[in-house]
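Pasting query29.cif here (mmCIF, C-alpha atoms):
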data_my_file
loop_
_atom_site.label_atom_id
_atom_site.label_comp_id
_atom_site.auth_asym_id
_atom_site.auth_seq_id
_atom_site.Cartn_x
_atom_site.Cartn_y
_atom_site.Cartn_z
CA MET F 1 -51.73 9.18 13.67
CA ARG F 2 -48.72 8.30 11.53
CA GLN F 3 -45.82 10.71 11.39
CA ASN F 4 -46.46 11.84 7.82
CA ASP F 5 -50.28 11.93 8.14
CA SER F 6 -50.08 15.23 10.04
CA MET F 7 -48.63 17.07 7.04
CA GLN F 8 -50.99 15.65 4.47
CA LYS F 9 -53.66 18.33 4.54
CA LYS F 10 -51.34 21.31 4.44
CA GLY F 11 -48.40 22.28 2.36
CA ASN F 12 -47.68 22.28 -1.33
CA ASN F 13 -47.71 18.64 -2.36
CA TYR F 14 -47.71 17.30 -5.92
CA ALA F 15 -49.13 14.02 -7.20
CA PHE F 16 -47.56 12.09 -10.06
CA ILE F 17 -50.07 9.57 -11.43
CA ASP F 18 -49.45 6.58 -13.68
CA SER F 19 -52.91 6.67 -15.31
CA GLN F 20 -52.65 3.33 -17.12
CA ASN F 21 -51.57 1.47 -13.99
CA VAL F 22 -54.33 3.11 -11.94
CA ASN F 23 -57.03 2.50 -14.54
CA LEU F 24 -56.18 -1.18 -15.11
CA ALA F 25 -55.69 -1.98 -11.41
CA ILE F 26 -58.98 -0.35 -10.39
CA ARG F 27 -60.94 -2.01 -13.21
CA ALA F 28 -59.46 -5.38 -12.23
CA GLN F 29 -61.22 -4.90 -8.88
CA GLY F 30 -64.54 -4.51 -10.65
CA TRP F 31 -65.08 -0.77 -10.39
CA LYS F 32 -64.33 2.37 -12.34
CA LEU F 33 -62.56 5.38 -10.87
CA ASP F 34 -64.33 8.74 -10.83
CA TRP F 35 -61.37 10.92 -11.76
CA GLU F 36 -63.11 14.12 -10.63
CA ARG F 37 -63.72 12.69 -7.15
CA PHE F 38 -60.16 11.35 -7.11
CA ARG F 39 -58.74 14.83 -7.73
CA ILE F 40 -60.80 16.22 -4.84
CA TYR F 41 -59.62 13.34 -2.64
CA LEU F 42 -55.97 14.09 -3.45
CA ARG F 43 -56.45 17.75 -2.55
CA GLU F 44 -58.35 17.10 0.68
CA LYS F 45 -56.45 14.05 1.96
CA TYR F 46 -52.91 14.84 0.84
CA GLY F 47 -52.83 18.60 0.25
CA VAL F 48 -52.12 18.10 -3.46
CA THR F 49 -51.97 21.45 -5.22
CA LYS F 50 -50.87 20.01 -8.58
CA ALA F 51 -51.75 16.57 -9.91
CA PHE F 52 -49.80 15.42 -12.96
CA LEU F 53 -51.54 12.67 -14.88
CA PHE F 54 -49.35 10.72 -17.31
CA ILE F 55 -51.39 9.29 -20.14
CA GLY F 56 -50.89 7.91 -23.62
CA TYR F 57 -52.45 10.13 -26.29
CA VAL F 58 -55.03 8.33 -28.42
CA GLU F 59 -56.73 10.16 -31.27
CA GLY F 60 -60.45 10.46 -30.62
CA ASN F 61 -60.21 10.59 -26.81
CA ASN F 62 -60.31 14.40 -26.67
CA GLU F 63 -63.50 14.49 -24.57
CA LEU F 64 -61.79 12.32 -21.94
CA TYR F 65 -58.73 14.58 -21.91
CA ILE F 66 -60.87 17.71 -21.58
CA ALA F 67 -62.81 16.12 -18.70
CA LEU F 68 -59.57 15.17 -16.91
CA GLN F 69 -58.18 18.69 -17.32
CA SER F 70 -61.49 20.20 -16.17
CA ALA F 71 -61.29 18.00 -13.06
CA GLY F 72 -57.96 19.65 -12.23
CA PHE F 73 -55.35 17.28 -13.63
CA ILE F 74 -52.34 18.47 -15.58
CA CYS F 75 -52.22 15.92 -18.38
CA ILE F 76 -48.81 14.94 -19.69
CA PHE F 77 -49.34 13.11 -22.96
CA LYS F 78 -47.13 10.50 -24.54
CA PRO F 79 -47.58 9.50 -28.17
CA THR F 80 -48.89 5.96 -28.49
CA LEU F 81 -48.01 3.21 -30.93
CA GLU F 82 -50.71 1.05 -32.42
CA TYR F 83 -49.67 -2.51 -33.22
CA LYS F 84 -50.99 -4.84 -35.92
CA ASP F 85 -52.76 -6.96 -33.30
CA GLY F 86 -54.88 -3.92 -32.34
CA THR F 87 -53.13 -3.15 -29.05
CA THR F 88 -51.97 0.35 -28.25
CA LYS F 89 -48.83 1.11 -26.24
CA GLY F 90 -47.93 4.40 -24.60
CA ASN F 91 -45.67 3.75 -21.62
CA CYS F 92 -45.31 6.97 -19.60
CA ASP F 93 -42.87 5.81 -16.92
CA ALA F 94 -39.93 7.93 -18.07
CA GLU F 95 -42.13 11.02 -18.36
CA LEU F 96 -43.41 10.58 -14.80
CA VAL F 97 -39.90 10.27 -13.37
CA LEU F 98 -38.63 13.19 -15.46
CA HIS F 99 -41.49 15.49 -14.38
CA ALA F 100 -41.08 14.52 -10.72
CA MET F 101 -37.48 15.72 -11.02
CA ILE F 102 -38.28 18.82 -13.10
CA GLU F 103 -40.87 19.86 -10.50
CA TYR F 104 -38.68 18.78 -7.53
CA PRO F 105 -37.89 22.32 -6.26
CA ASN F 106 -41.55 23.36 -6.54
CA TYR F 107 -43.19 20.89 -4.12
CA GLU F 108 -42.77 20.06 -0.46
CA LYS F 109 -43.71 16.39 -0.79
CA ALA F 110 -44.64 14.04 -3.62
CA ILE F 111 -47.30 11.39 -3.78
CA ILE F 112 -46.64 8.73 -6.41
CA VAL F 113 -49.78 6.94 -7.61
CA THR F 114 -48.90 3.54 -9.08
CA GLY F 115 -48.23 -0.07 -8.22
CA ASP F 116 -45.48 -0.35 -10.85
CA GLY F 117 -42.04 -1.37 -9.61
CA ASP F 118 -40.42 0.65 -12.39
CA PHE F 119 -40.79 3.62 -10.03
CA TYR F 120 -38.67 2.01 -7.30
CA CYS F 121 -35.70 4.31 -7.97
CA LEU F 122 -37.90 7.44 -7.87
CA VAL F 123 -39.59 6.38 -4.64
CA GLN F 124 -36.20 5.51 -3.10
CA HIS F 125 -34.73 8.88 -4.10
CA LEU F 126 -37.70 10.87 -2.78
CA LEU F 127 -37.55 8.92 0.48
CA GLU F 128 -33.81 9.59 0.88
CA LYS F 129 -34.38 13.31 0.29
CA ALA F 130 -37.39 13.44 2.68
CA LYS F 131 -39.65 14.46 -0.21
CA LEU F 132 -41.92 11.39 -0.23
CA LEU F 133 -45.38 11.82 1.24
CA ALA F 134 -46.95 8.57 0.06
CA VAL F 135 -47.12 5.88 -2.58
CA LEU F 136 -50.77 5.35 -3.39
CA ILE F 137 -51.18 1.80 -4.67
CA PRO F 138 -54.30 1.16 -6.81
CA ASN F 139 -54.55 -2.53 -5.81
CA ARG F 140 -52.89 -3.95 -2.69
CA LEU F 141 -53.20 -7.47 -4.12
CA THR F 142 -51.29 -6.91 -7.36
CA PHE F 143 -48.49 -4.41 -6.93
CA SER F 144 -44.77 -4.84 -7.48
CA ALA F 145 -42.63 -6.51 -4.84
CA LEU F 146 -40.11 -3.72 -5.41
CA LEU F 147 -42.49 -1.35 -3.61
CA LYS F 148 -42.95 -3.74 -0.67
CA PHE F 149 -39.52 -3.17 0.90
CA LYS F 150 -39.56 -2.41 4.61
CA GLU F 151 -38.44 1.21 4.26
CA PHE F 152 -41.40 1.99 1.96
CA ARG F 153 -44.12 0.38 4.10
CA PRO F 154 -44.89 3.45 6.25
CA TYR F 155 -45.58 5.41 3.04
CA LEU F 156 -47.81 2.88 1.28
CA ARG F 157 -51.52 3.65 0.96
CA HIS F 158 -54.02 1.51 -0.93
CA MET F 159 -57.06 2.39 -3.02
CA ASN F 160 -58.90 -0.93 -2.50
CA ASP F 161 -60.99 0.43 0.35
CA LEU F 162 -61.85 3.68 -1.45
CA GLU F 163 -64.47 2.25 -3.81
CA ASN F 164 -67.41 3.79 -1.93
CA LEU F 165 -65.70 7.17 -1.97
CA LEU F 166 -64.12 7.18 -5.44
CA ALA F 167 -66.12 4.85 -7.68
CA TYR F 168 -67.79 6.35 -10.71
CA LYS F 169 -71.54 6.32 -10.33
CA LYS F 170 -73.69 6.98 -13.37
CA ARG F 171 -75.31 10.33 -12.96
CA ARG F 172 -78.99 10.17 -13.68
CA PRO F 173 -80.26 12.54 -16.30
CA TYR F 174 -82.22 15.49 -15.02
CA GLU F 175 -85.76 14.40 -14.33
CA ASP F 176 -88.38 16.92 -15.36
CA ARG F 177 -91.09 16.78 -12.70
CA THR F 178 -93.42 19.22 -14.37
CA SER F 179 -95.80 16.62 -15.80
#

Could I get this structure in the form of structure tokens?
Amino acid sequence: MRQNDSMQKKGNNYAFIDSQNVNLAIRAQGWKLDWERFRIYLREKYGVTKAFLFIGYVEGNNELYIALQSAGFICIFKPTLEYKDGTTKGNCDAELVLHAMIEYPNYEKAIIVTGDGDFYCLVQHLLEKAKLLAVLIPNRLTFSALLKFKEFRPYLRHMNDLENLLAYKKRRPYEDRTS
């Protein structure tokens, strides 16, 4: 058992999740994340009492946002910009870092869920202050080299092998067997 695995199930740990990075990296592997199962996984595996999900706000996605909040995520929305080419941009990196620092006195350990190297400074700071529980990387094949430094390796976890546990499976409609 790794040193920091023993504290994963207890304590008051917070997750800070880069939703766009997670969504794109998981879909690139050919599966879709079941966010409700993922929230349960974070609670059971890492003792996450609060899970902050950073997401760009897009008009018309209210059902998605309600479902995420019902699953137990605290959604932190960023306004998005829609470009002439049809793409939408809502980078939430600054919000994630800011909230990790705002919440700093309230959690024992943090789990950062992303493969984005823009979070190098946050991960480094949390490690130096003994507040880092793990960096959960959505895809071990396509994450930033900035998160591959030797001092981070003991904290890296990967979602590649969690497809059976966390993949969204279409729920079949209720079958009426009265006929």

Measure the distance from atom CA of Ala71 of chain F to atom CA of Glu59 of chain F in Å and round it to one decimal.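 Atom CA of Glu59 of chain F lies at a distance of 20.3 Å from atom CA of Ala71 of chain F.
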
Pull out every residue that the PyMOL selection byres ((chain F and resi 112) around 12) matches in the shown coordinates and put them as number ranges by chain. F: 13-19, 21-22, 42, 46, 48, 51-54, 93, 96-97, 99-100, 109-111, 113-124, 126-127, 131-138, 147, 152, 155-158

Work out how far apart atom CA of Asn106 of chain F and atom CA of Arg153 of chain F are and give it in Å to one decimal.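 Taking atom CA of Asn106 of chain F as the start and atom CA of Arg153 of chain F as the end point, the length is 25.5 Å.
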
Run through the PyMOL selection byres ((chain F and resi 61-70) around 12) on the given coordinates and return the selected residues as a list of chain:residue names.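 Applied to this file, the PyMOL selection byres ((chain F and resi 61-70) around 12) selects F:Ser19, F:Leu33, F:Asp34, F:Trp35, F:Glu36, F:Arg37, F:Phe38, F:Arg39, F:Lys50, F:Ala51, F:Phe52, F:Leu53, F:Phe54, F:Ile55, F:Gly56, F:Tyr57, F:Val58, F:Glu59, F:Gly60, F:Ala71, F:Gly72, F:Phe73, F:Ile74, F:Cys75, F:Ile76, F:Phe77.
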
Those residues with C-alpha atoms, as a PDB file, in the coordinates of the input please?
ATOM      1  CA  SER F  19     -52.910   6.670 -15.310  1.00  0.00           C
ATOM      2  CA  LEU F  33     -62.560   5.380 -10.870  1.00  0.00           C
ATOM      3  CA  ASP F  34     -64.330   8.740 -10.830  1.00  0.00           C
ATOM      4  CA  TRP F  35     -61.370  10.920 -11.760  1.00  0.00           C
ATOM      5  CA  GLU F  36     -63.110  14.120 -10.630  1.00  0.00           C
ATOM      6  CA  ARG F  37     -63.720  12.690  -7.150  1.00  0.00           C
ATOM      7  CA  PHE F  38     -60.160  11.350  -7.110  1.00  0.00           C
ATOM      8  CA  ARG F  39     -58.740  14.830  -7.730  1.00  0.00           C
ATOM      9  CA  LYS F  50     -50.870  20.010  -8.580  1.00  0.00           C
ATOM     10  CA  ALA F  51     -51.750  16.570  -9.910  1.00  0.00           C
ATOM     11  CA  PHE F  52     -49.800  15.420 -12.960  1.00  0.00           C
ATOM     12  CA  LEU F  53     -51.540  12.670 -14.880  1.00  0.00           C
ATOM     13  CA  PHE F  54     -49.350  10.720 -17.310  1.00  0.00           C
ATOM     14  CA  ILE F  55     -51.390   9.290 -20.140  1.00  0.00           C
ATOM     15  CA  GLY F  56     -50.890   7.910 -23.620  1.00  0.00           C
ATOM     16  CA  TYR F  57     -52.450  10.130 -26.290  1.00  0.00           C
ATOM     17  CA  VAL F  58     -55.030   8.330 -28.420  1.00  0.00           C
ATOM     18  CA  GLU F  59     -56.730  10.160 -31.270  1.00  0.00           C
ATOM     19  CA  GLY F  60     -60.450  10.460 -30.620  1.00  0.00           C
ATOM     20  CA  ALA F  71     -61.290  18.000 -13.060  1.00  0.00           C
ATOM     21  CA  GLY F  72     -57.960  19.650 -12.230  1.00  0.00           C
ATOM     22  CA  PHE F  73     -55.350  17.280 -13.630  1.00  0.00           C
ATOM     23  CA  ILE F  74     -52.340  18.470 -15.580  1.00  0.00           C
ATOM     24  CA  CYS F  75     -52.220  15.920 -18.380  1.00  0.00           C
ATOM     25  CA  ILE F  76     -48.810  14.940 -19.690  1.00  0.00           C
ATOM     26  CA  PHE F  77     -49.340  13.110 -22.960  1.00  0.00           C
TER      27      PHE F  77
END

Point-to-point distance from atom CA of Ala25 of chain F to atom CA of Lys148 of chain F, Å rounded to tenths: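 These atoms are spaced 16.8 Å apart.
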
10 Å contact set for Gln29 of chain F, all atoms listed in the file, chain neighbours under 2 positions out, as a VMD selection string: chain F and resid 24 to 27 31 to 32 138 to 139 141 160 163

Determine the nearest neighbour of Ile40 of chain F from the options F:Leu166, F:Gly11, F:Lys129, F:Asn23, counting only C-alpha atoms.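 Among the listed residues, F:Leu166 lies closest to Ile40 of chain F.
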
Segment 12-163 of chain F dumped to file, C-alpha atoms, as an mmCIF file, in the first residue's frame:
data_model
loop_
_atom_site.group_PDB
_atom_site.id
_atom_site.type_symbol
_atom_site.label_atom_id
_atom_site.label_comp_id
_atom_site.auth_asym_id
_atom_site.auth_seq_id
_atom_site.Cartn_x
_atom_site.Cartn_y
_atom_site.Cartn_z
ATOM 1 C CA ASN F 12 -12.082 15.645 4.703
ATOM 2 C CA ASN F 13 -10.703 15.703 1.170
ATOM 3 C CA TYR F 14 -11.853 17.955 -1.665
ATOM 4 C CA ALA F 15 -11.724 17.287 -5.403
ATOM 5 C CA PHE F 16 -11.149 20.039 -7.950
ATOM 6 C CA ILE F 17 -12.192 18.818 -11.399
ATOM 7 C CA ASP F 18 -11.373 20.294 -14.797
ATOM 8 C CA SER F 19 -14.570 19.060 -16.480
ATOM 9 C CA GLN F 20 -13.574 19.909 -20.056
ATOM 10 C CA ASN F 21 -10.228 18.133 -19.771
ATOM 11 C CA VAL F 22 -11.876 15.079 -18.185
ATOM 12 C CA ASN F 23 -14.713 14.934 -20.716
ATOM 13 C CA LEU F 24 -12.482 15.269 -23.800
ATOM 14 C CA ALA F 25 -9.802 12.864 -22.533
ATOM 15 C CA ILE F 26 -12.337 10.171 -21.603
ATOM 16 C CA ARG F 27 -14.235 10.497 -24.894
ATOM 17 C CA ALA F 28 -10.934 10.232 -26.800
ATOM 18 C CA GLN F 29 -10.617 6.754 -25.259
ATOM 19 C CA GLY F 30 -13.970 5.776 -26.728
ATOM 20 C CA TRP F 31 -16.177 5.882 -23.658
ATOM 21 C CA LYS F 32 -18.362 8.331 -21.794
ATOM 22 C CA LEU F 33 -18.012 9.055 -18.088
ATOM 23 C CA ASP F 34 -20.960 8.403 -15.789
ATOM 24 C CA TRP F 35 -20.622 11.491 -13.603
ATOM 25 C CA GLU F 36 -22.896 10.072 -10.892
ATOM 26 C CA ARG F 37 -20.730 6.948 -10.559
ATOM 27 C CA PHE F 38 -17.625 9.139 -10.651
ATOM 28 C CA ARG F 39 -18.851 11.178 -7.670
ATOM 29 C CA ILE F 40 -19.448 7.973 -5.687
ATOM 30 C CA TYR F 41 -15.985 6.738 -6.681
ATOM 31 C CA LEU F 42 -14.373 9.952 -5.431
ATOM 32 C CA ARG F 43 -16.167 9.644 -2.104
ATOM 33 C CA GLU F 44 -15.399 5.951 -1.593
ATOM 34 C CA LYS F 45 -11.846 5.816 -2.970
ATOM 35 C CA TYR F 46 -10.490 9.192 -1.870
ATOM 36 C CA GLY F 47 -12.739 10.327 0.974
ATOM 37 C CA VAL F 48 -13.936 13.332 -1.045
ATOM 38 C CA THR F 49 -16.534 15.266 0.924
ATOM 39 C CA LYS F 50 -16.788 18.133 -1.594
ATOM 40 C CA ALA F 51 -16.240 17.841 -5.336
ATOM 41 C CA PHE F 52 -15.928 21.118 -7.222
ATOM 42 C CA LEU F 53 -16.626 20.774 -10.926
ATOM 43 C CA PHE F 54 -15.396 23.643 -13.102
ATOM 44 C CA ILE F 55 -17.469 23.964 -16.232
ATOM 45 C CA GLY F 56 -18.229 26.504 -18.928
ATOM 46 C CA TYR F 57 -21.837 27.696 -18.813
ATOM 47 C CA VAL F 58 -23.716 27.082 -22.063
ATOM 48 C CA GLU F 59 -27.312 28.241 -22.405
ATOM 49 C CA GLY F 60 -29.609 25.272 -22.884
ATOM 50 C CA ASN F 61 -27.532 22.781 -20.861
ATOM 51 C CA ASN F 62 -29.548 23.297 -17.668
ATOM 52 C CA GLU F 63 -30.633 19.634 -17.455
ATOM 53 C CA LEU F 64 -26.966 18.594 -17.502
ATOM 54 C CA TYR F 65 -26.099 21.081 -14.761
ATOM 55 C CA ILE F 66 -29.026 19.935 -12.603
ATOM 56 C CA ALA F 67 -27.972 16.288 -13.061
ATOM 57 C CA LEU F 68 -24.370 17.103 -12.079
ATOM 58 C CA GLN F 69 -25.529 18.974 -8.976
ATOM 59 C CA SER F 70 -27.938 16.149 -8.087
ATOM 60 C CA ALA F 71 -25.011 13.718 -8.340
ATOM 61 C CA GLY F 72 -23.235 15.734 -5.645
ATOM 62 C CA PHE F 73 -20.962 18.087 -7.563
ATOM 63 C CA ILE F 74 -20.605 21.740 -6.679
ATOM 64 C CA CYS F 75 -20.629 23.340 -10.113
ATOM 65 C CA ILE F 76 -18.523 26.438 -10.611
ATOM 66 C CA PHE F 77 -19.609 28.037 -13.864
ATOM 67 C CA LYS F 78 -17.569 30.206 -16.179
ATOM 68 C CA PRO F 79 -19.235 32.259 -18.893
ATOM 69 C CA THR F 80 -18.396 30.948 -22.344
ATOM 70 C CA LEU F 81 -17.618 32.781 -25.561
ATOM 71 C CA GLU F 82 -19.057 31.576 -28.835
ATOM 72 C CA TYR F 83 -16.891 32.223 -31.877
ATOM 73 C CA LYS F 84 -17.938 32.789 -35.483
ATOM 74 C CA ASP F 85 -16.623 29.349 -36.462
ATOM 75 C CA GLY F 86 -19.153 27.759 -34.077
ATOM 76 C CA THR F 87 -16.681 26.798 -31.347
ATOM 77 C CA THR F 88 -17.340 27.655 -27.739
ATOM 78 C CA LYS F 89 -14.604 28.554 -25.259
ATOM 79 C CA GLY F 90 -14.896 28.608 -21.486
ATOM 80 C CA ASN F 91 -11.489 27.969 -19.939
ATOM 81 C CA CYS F 92 -11.901 27.363 -16.196
ATOM 82 C CA ASP F 93 -8.257 26.966 -15.165
ATOM 83 C CA ALA F 94 -8.020 30.185 -13.155
ATOM 84 C CA GLU F 95 -11.285 29.414 -11.343
ATOM 85 C CA LEU F 96 -10.041 25.956 -10.342
ATOM 86 C CA VAL F 97 -6.790 27.325 -8.918
ATOM 87 C CA LEU F 98 -8.587 30.182 -7.162
ATOM 88 C CA HIS F 99 -11.153 27.866 -5.529
ATOM 89 C CA ALA F 100 -8.456 25.404 -4.448
ATOM 90 C CA MET F 101 -6.846 28.321 -2.591
ATOM 91 C CA ILE F 102 -10.112 29.779 -1.253
ATOM 92 C CA GLU F 103 -11.038 26.353 0.146
ATOM 93 C CA TYR F 104 -7.454 25.589 1.304
ATOM 94 C CA PRO F 105 -8.142 25.873 5.070
ATOM 95 C CA ASN F 106 -11.283 23.727 4.772
ATOM 96 C CA TYR F 107 -9.804 20.456 3.450
ATOM 97 C CA GLU F 108 -7.175 18.030 4.653
ATOM 98 C CA LYS F 109 -6.022 16.958 1.189
ATOM 99 C CA ALA F 110 -6.874 17.880 -2.385
ATOM 100 C CA ILE F 111 -7.318 15.687 -5.406
ATOM 101 C CA ILE F 112 -6.844 17.511 -8.701
ATOM 102 C CA VAL F 113 -8.610 15.871 -11.638
ATOM 103 C CA THR F 114 -6.983 16.906 -14.929
ATOM 104 C CA GLY F 115 -4.180 16.119 -17.314
ATOM 105 C CA ASP F 116 -3.561 19.807 -18.057
ATOM 106 C CA GLY F 117 -0.078 21.133 -17.339
ATOM 107 C CA ASP F 118 -1.517 24.559 -16.556
ATOM 108 C CA PHE F 119 -2.110 23.180 -13.053
ATOM 109 C CA TYR F 120 1.581 22.441 -12.473
ATOM 110 C CA CYS F 121 1.988 25.373 -10.061
ATOM 111 C CA LEU F 122 -1.082 24.340 -8.034
ATOM 112 C CA VAL F 123 0.037 20.715 -7.818
ATOM 113 C CA GLN F 124 3.564 21.830 -6.845
ATOM 114 C CA HIS F 125 2.233 24.144 -4.122
ATOM 115 C CA LEU F 126 -0.116 21.520 -2.673
ATOM 116 C CA LEU F 127 2.722 18.989 -2.662
ATOM 117 C CA GLU F 128 5.072 21.407 -0.865
ATOM 118 C CA LYS F 129 2.403 22.097 1.774
ATOM 119 C CA ALA F 130 1.578 18.365 2.207
ATOM 120 C CA LYS F 131 -1.985 19.009 1.010
ATOM 121 C CA LEU F 132 -1.880 16.913 -2.184
ATOM 122 C CA LEU F 133 -3.652 13.570 -2.078
ATOM 123 C CA ALA F 134 -3.584 12.733 -5.783
ATOM 124 C CA VAL F 135 -3.650 13.989 -9.336
ATOM 125 C CA LEU F 136 -6.230 11.940 -11.187
ATOM 126 C CA ILE F 137 -5.282 11.928 -14.870
ATOM 127 C CA PRO F 138 -8.135 11.157 -17.308
ATOM 128 C CA ASN F 139 -5.826 9.624 -19.945
ATOM 129 C CA ARG F 140 -2.338 8.331 -19.149
ATOM 130 C CA LEU F 141 -1.417 8.492 -22.845
ATOM 131 C CA THR F 142 -2.135 12.184 -23.421
ATOM 132 C CA PHE F 143 -1.370 14.263 -20.356
ATOM 133 C CA SER F 144 1.052 17.136 -19.937
ATOM 134 C CA ALA F 145 4.746 16.466 -19.443
ATOM 135 C CA LEU F 146 4.654 19.106 -16.702
ATOM 136 C CA LEU F 147 2.749 16.621 -14.532
ATOM 137 C CA LYS F 148 5.240 13.811 -15.210
ATOM 138 C CA PHE F 149 8.045 15.177 -13.016
ATOM 139 C CA LYS F 150 9.550 12.690 -10.596
ATOM 140 C CA GLU F 151 8.194 14.359 -7.454
ATOM 141 C CA PHE F 152 4.608 14.060 -8.758
ATOM 142 C CA ARG F 153 4.767 10.394 -9.808
ATOM 143 C CA PRO F 154 3.742 8.900 -6.438
ATOM 144 C CA TYR F 155 0.562 11.022 -6.566
ATOM 145 C CA LEU F 156 -0.501 10.268 -10.142
ATOM 146 C CA ARG F 157 -3.549 8.068 -10.696
ATOM 147 C CA HIS F 158 -5.078 7.291 -14.084
ATOM 148 C CA MET F 159 -8.663 6.813 -15.220
ATOM 149 C CA ASN F 160 -7.848 4.589 -18.229
ATOM 150 C CA ASP F 161 -8.478 1.387 -16.307
ATOM 151 C CA LEU F 162 -11.717 2.631 -14.729
ATOM 152 C CA GLU F 163 -13.941 2.234 -17.793
#
